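J.: What follows is a structure written as structure tokens; I'll ask about it next.
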Amino acid sequence: SELLEGIVEETSKLPEMIIRSSIVKDMQMLGNRVELYRLFNNLIENGKRYGRSPGTQNVKMDIQCSYKNKEKKQGILISVRDHGVGVPQADVTRLLRPFTRVDISRSQANGSGLGLAIVDRIVKRHEGRIRISNHASGGFLVVIAF
């Protein structure tokens, strides 16, 4: 949780970023700190590029980190949501593949299409699971379970 809190704090300093976070303190897991930093950074960067709130230059994000089973404190659940327009439903399933981007005409953002593919690989290397979807209230949602 300390690593994620640091990234959220640093990103919140950017004028266009509005981040609401709920991160349980003192959570720990075994893993490669550099890879986990890259995972969190890629998710936030993805939101910065593609998750602008409609009609504004702001990026609103919700980041949560908690235990999957609160009583036994087994496993970690992380969710990152932006409040943008989401992605076309037909594109959701392929976004974890390398070099995949949605229709460029919808966005001024540029990138290689590797961000979510890298996130997926890091999650798998840490024996986790990832689920991506459009949020029911709008925006894009990534949920990771370790």
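Residues in the structure tokens are named by chain (A, B, ... in the order shown) and by number from 1 within that chain; ligands are numbered from 1 in the order shown.
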Using DSSP secondary structure from the backbone, list all helix (DSSP H, G or I) positions within chain A, as a PyMOL selection string.
T.: chain A and resi 2-12+33-50+89-92+104-106+115-125
J.: Write out as a list in words each polymer residue whose atoms come within 8 Å of Met27 (chain A), counting only C-alpha atoms; drop sequence neighbours fewer than 3 positions from it.
T.: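 Surrounding residues, per the criterion: Ser1, Glu2 and Val24 of chain A.
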J.: Please write the residues from the selection above to a file, keeping all heavy atoms, as a PDB file, in the first residue's frame.
T.:
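Saved to selection12.pdb:
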ATOM      1  N   SER A   1       0.825  -1.201   0.000  1.00  0.00           N
ATOM      2  CA  SER A   1       0.000   0.000   0.000  1.00  0.00           C
ATOM      3  C   SER A   1       0.864   1.259   0.000  1.00  0.00           C
ATOM      4  O   SER A   1       0.465   2.270  -0.571  1.00  0.00           O
ATOM      5  CB  SER A   1      -0.968  -0.028   1.183  1.00  0.00           C
ATOM      6  OG  SER A   1      -0.305  -0.203   2.400  1.00  0.00           O
ATOM      7  N   GLU A   2       2.033   1.174   0.590  1.00  0.00           N
ATOM      8  CA  GLU A   2       2.913   2.346   0.624  1.00  0.00           C
ATOM      9  C   GLU A   2       3.341   2.763  -0.785  1.00  0.00           C
ATOM     10  O   GLU A   2       3.346   3.955  -1.120  1.00  0.00           O
ATOM     11  CB  GLU A   2       4.155   2.042   1.470  1.00  0.00           C
ATOM     12  CG  GLU A   2       5.118   3.188   1.591  1.00  0.00           C
ATOM     13  CD  GLU A   2       6.348   2.801   2.387  1.00  0.00           C
ATOM     14  OE1 GLU A   2       6.207   2.148   3.437  1.00  0.00           O
ATOM     15  OE2 GLU A   2       7.456   3.145   1.939  1.00  0.00           O
ATOM     16  N   VAL A  24      -6.007   0.731   2.034  1.00  0.00           N
ATOM     17  CA  VAL A  24      -5.796   0.201   3.379  1.00  0.00           C
ATOM     18  C   VAL A  24      -4.309   0.325   3.718  1.00  0.00           C
ATOM     19  O   VAL A  24      -3.444  -0.032   2.915  1.00  0.00           O
ATOM     20  CB  VAL A  24      -6.277  -1.269   3.472  1.00  0.00           C
ATOM     21  CG1 VAL A  24      -5.904  -1.871   4.813  1.00  0.00           C
ATOM     22  CG2 VAL A  24      -7.779  -1.340   3.250  1.00  0.00           C
TER      23      VAL A  24
END
J.: Please, what distance in Å, to one decimal, runs between CA of Val142 (chain A) and CA of Leu43 (chain A)?
T.: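 So the two atoms, CA of Val142 (chain A) and CA of Leu43 (chain A), lie 8.1 Å apart.
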J.: Out of A:Glu5, A:Asp91, A:Asp120, A:Asp82, which residue has the shortest atom-to-atom distance to Leu39 (chain A) when counting only C-alpha atoms?
T.: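 Closest to Leu39 (chain A) of all the choices is A:Asp120.
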J.: Using only C-alpha atoms for the distances, tell me which of A:Ile132, A:Ile19, A:Ile144, A:Met29 is nearest to Arg94 (chain A).
T.: A:Ile132
J.: Name all residues at most 8 Å from His126 (chain A) (count only C-alpha atoms; drop same-chain ones fewer than 3 positions away) and give them as an MDAnalysis selection string.
T.: chainID A and resid 31 122:123 146
J.: Could you please take those selected residues and save C-alpha atoms as a short mmCIF file (atom, residue, chain, number, x, y, z; two decimals), in the first residue's frame?
T.:
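Result went into out_24.cif, see below:
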data_model
loop_
_atom_site.label_atom_id
_atom_site.label_comp_id
_atom_site.auth_asym_id
_atom_site.auth_seq_id
_atom_site.Cartn_x
_atom_site.Cartn_y
_atom_site.Cartn_z
CA GLY A 31 6.66 -9.20 -5.39
CA ILE A 122 3.01 -8.28 -14.37
CA VAL A 123 -0.25 -9.41 -12.75
CA PHE A 146 -3.57 -10.92 -5.84
#
J.: Can you tell me which residues surround Ser79 (chain A) at a distance of at most 9 Å, considering only C-alpha atoms, apart from same-chain residues fewer than 3 positions away, and format the answer as number ranges by chain?
T.: A: 62-65, 141-145
J.: Go ahead and dump the residues you just picked, C-alpha atoms, as a PDB file, in the first residue's frame.
T.:
ATOM      1  CA  ASP A  62     -10.926   6.325  -8.253  1.00  0.00           C
ATOM      2  CA  ILE A  63      -8.242   4.029  -6.838  1.00  0.00           C
ATOM      3  CA  GLN A  64      -9.024   1.460  -4.172  1.00  0.00           C
ATOM      4  CA  CYS A  65      -6.852  -1.116  -2.475  1.00  0.00           C
ATOM      5  CA  LEU A 141     -12.441  -0.079 -14.813  1.00  0.00           C
ATOM      6  CA  VAL A 142      -9.501  -2.355 -14.046  1.00  0.00           C
ATOM      7  CA  VAL A 143      -9.785  -4.805 -11.141  1.00  0.00           C
ATOM      8  CA  ILE A 144      -6.780  -6.823 -10.006  1.00  0.00           C
ATOM      9  CA  ALA A 145      -6.777  -9.602  -7.411  1.00  0.00           C
TER      10      ALA A 145
END
J.: Record the distance separating CA of Met17 (chain A) and CA of Gln57 (chain A), expressed in Å with one decimal.
T.: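 The value is 9.1 Å.
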J.: Could you give me, as a list in words, the residues within 9 Å of Lys48 (chain A), counting only C-alpha atoms and dropping anything in the same chain fewer than 3 positions from it?
T.: Glu16, Met17, Leu43, Ile44, Glu45, Gly51, Arg52, Asn58, Val59, Lys60, Met61 and Asp82 of chain A
J.: Next, dump the selected residues to file, keeping only all heavy atoms, as a compact mmCIF listing (two decimals), in the first residue's frame.
T.:
# COMPACT_ATOMS: atom_id res chain seq x y z
N GLU A 16 -4.34 18.57 -13.78
CA GLU A 16 -5.52 18.00 -14.42
C GLU A 16 -6.05 16.73 -13.73
O GLU A 16 -7.12 16.24 -14.07
CB GLU A 16 -5.23 17.68 -15.91
CG GLU A 16 -4.34 16.50 -16.15
CD GLU A 16 -2.84 16.79 -16.11
OE1 GLU A 16 -2.44 17.88 -15.67
OE2 GLU A 16 -2.07 15.92 -16.54
N MET A 17 -5.30 16.23 -12.76
CA MET A 17 -5.66 14.96 -12.11
C MET A 17 -6.48 15.18 -10.84
O MET A 17 -6.09 15.94 -9.96
CB MET A 17 -4.40 14.17 -11.76
CG MET A 17 -3.58 13.74 -12.96
SD MET A 17 -4.45 12.64 -14.10
CE MET A 17 -4.70 11.20 -13.09
N LEU A 43 -1.33 1.89 -15.16
CA LEU A 43 -2.77 2.05 -15.01
C LEU A 43 -3.16 3.53 -14.90
O LEU A 43 -4.12 3.98 -15.52
CB LEU A 43 -3.28 1.29 -13.78
CG LEU A 43 -3.26 -0.23 -13.89
CD1 LEU A 43 -3.66 -0.86 -12.57
CD2 LEU A 43 -4.17 -0.70 -15.02
N ILE A 44 -2.39 4.28 -14.13
CA ILE A 44 -2.67 5.71 -13.98
C ILE A 44 -2.39 6.45 -15.28
O ILE A 44 -3.16 7.31 -15.70
CB ILE A 44 -1.89 6.29 -12.79
CG1 ILE A 44 -2.46 5.72 -11.49
CG2 ILE A 44 -1.95 7.82 -12.79
CD1 ILE A 44 -1.68 6.06 -10.25
N GLU A 45 -1.30 6.09 -15.95
CA GLU A 45 -0.97 6.73 -17.24
C GLU A 45 -2.06 6.44 -18.27
O GLU A 45 -2.43 7.31 -19.07
CB GLU A 45 0.39 6.24 -17.74
CG GLU A 45 0.88 6.96 -18.97
CD GLU A 45 1.12 8.45 -18.75
OE1 GLU A 45 1.48 8.87 -17.64
OE2 GLU A 45 0.93 9.20 -19.74
N GLY A 51 -8.78 8.72 -20.24
CA GLY A 51 -9.92 8.80 -19.34
C GLY A 51 -10.37 10.20 -18.98
O GLY A 51 -10.94 10.41 -17.91
N ARG A 52 -10.14 11.15 -19.84
CA ARG A 52 -10.59 12.51 -19.53
C ARG A 52 -12.10 12.55 -19.39
O ARG A 52 -12.82 11.93 -20.16
CB ARG A 52 -10.16 13.49 -20.61
CG ARG A 52 -8.65 13.63 -20.68
CD ARG A 52 -8.23 14.96 -21.27
NE ARG A 52 -6.78 15.02 -21.37
CZ ARG A 52 -5.96 15.33 -20.37
NH1 ARG A 52 -6.45 15.58 -19.19
NH2 ARG A 52 -4.67 15.36 -20.54
N ASN A 58 -9.97 17.60 -17.31
CA ASN A 58 -9.66 16.88 -16.08
C ASN A 58 -9.77 15.37 -16.25
O ASN A 58 -10.58 14.89 -17.03
CB ASN A 58 -10.60 17.31 -14.95
CG ASN A 58 -10.36 18.75 -14.55
OD1 ASN A 58 -9.26 19.27 -14.68
ND2 ASN A 58 -11.41 19.41 -14.10
N VAL A 59 -8.97 14.68 -15.48
CA VAL A 59 -9.04 13.23 -15.41
C VAL A 59 -9.42 12.89 -13.97
O VAL A 59 -8.67 13.17 -13.04
CB VAL A 59 -7.69 12.57 -15.76
CG1 VAL A 59 -7.79 11.06 -15.60
CG2 VAL A 59 -7.26 12.94 -17.17
N LYS A 60 -10.61 12.33 -13.80
CA LYS A 60 -11.05 11.88 -12.48
C LYS A 60 -10.82 10.39 -12.40
O LYS A 60 -11.22 9.64 -13.29
CB LYS A 60 -12.53 12.18 -12.28
CG LYS A 60 -12.85 13.65 -12.24
CD LYS A 60 -14.34 13.86 -12.05
CE LYS A 60 -14.68 15.34 -12.17
NZ LYS A 60 -16.13 15.56 -12.18
N MET A 61 -10.15 9.98 -11.32
CA MET A 61 -9.88 8.55 -11.12
C MET A 61 -10.22 8.16 -9.70
O MET A 61 -10.05 8.95 -8.77
CB MET A 61 -8.40 8.24 -11.40
CG MET A 61 -7.98 8.48 -12.83
SD MET A 61 -6.28 7.97 -13.14
CE MET A 61 -6.53 6.22 -13.37
N ASP A 82 -11.41 5.23 -14.24
CA ASP A 82 -11.47 6.61 -14.68
C ASP A 82 -12.93 6.95 -14.96
O ASP A 82 -13.78 6.08 -14.96
CB ASP A 82 -10.57 6.88 -15.91
CG ASP A 82 -11.02 6.16 -17.17
OD1 ASP A 82 -12.22 6.26 -17.53
OD2 ASP A 82 -10.18 5.51 -17.81
J.: Please determine, counting only C-alpha atoms, which residue among A:Val80, A:Asp26, A:Glu35, A:Leu96 has the shortest atom-to-atom distance to Val8 (chain A).
T.: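 Of all the options, A:Val80 lies closest to Val8 (chain A).
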J.: Please measure the separation of CA of Asn69 (chain A) and CA of Ser133 (chain A), giving the value in Å to one decimal.
T.: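 Computing it gives 22.5 Å between the two atoms.
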J.: Return as a ChimeraX atom specification the full set of residues in chain A whose backbone-based DSSP assignment is strand (DSSP E or B).
T.: /A:17-23,52,59-69,74-82,129-134,140-145
J.: Which residue gives the smallest distance to Val34 (chain A) among A:Gly115, A:Leu3, A:Arg20, A:Leu95, with only C-alpha atoms counted?
T.: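 Answer, going by the shortest atom-to-atom distance: A:Leu3.
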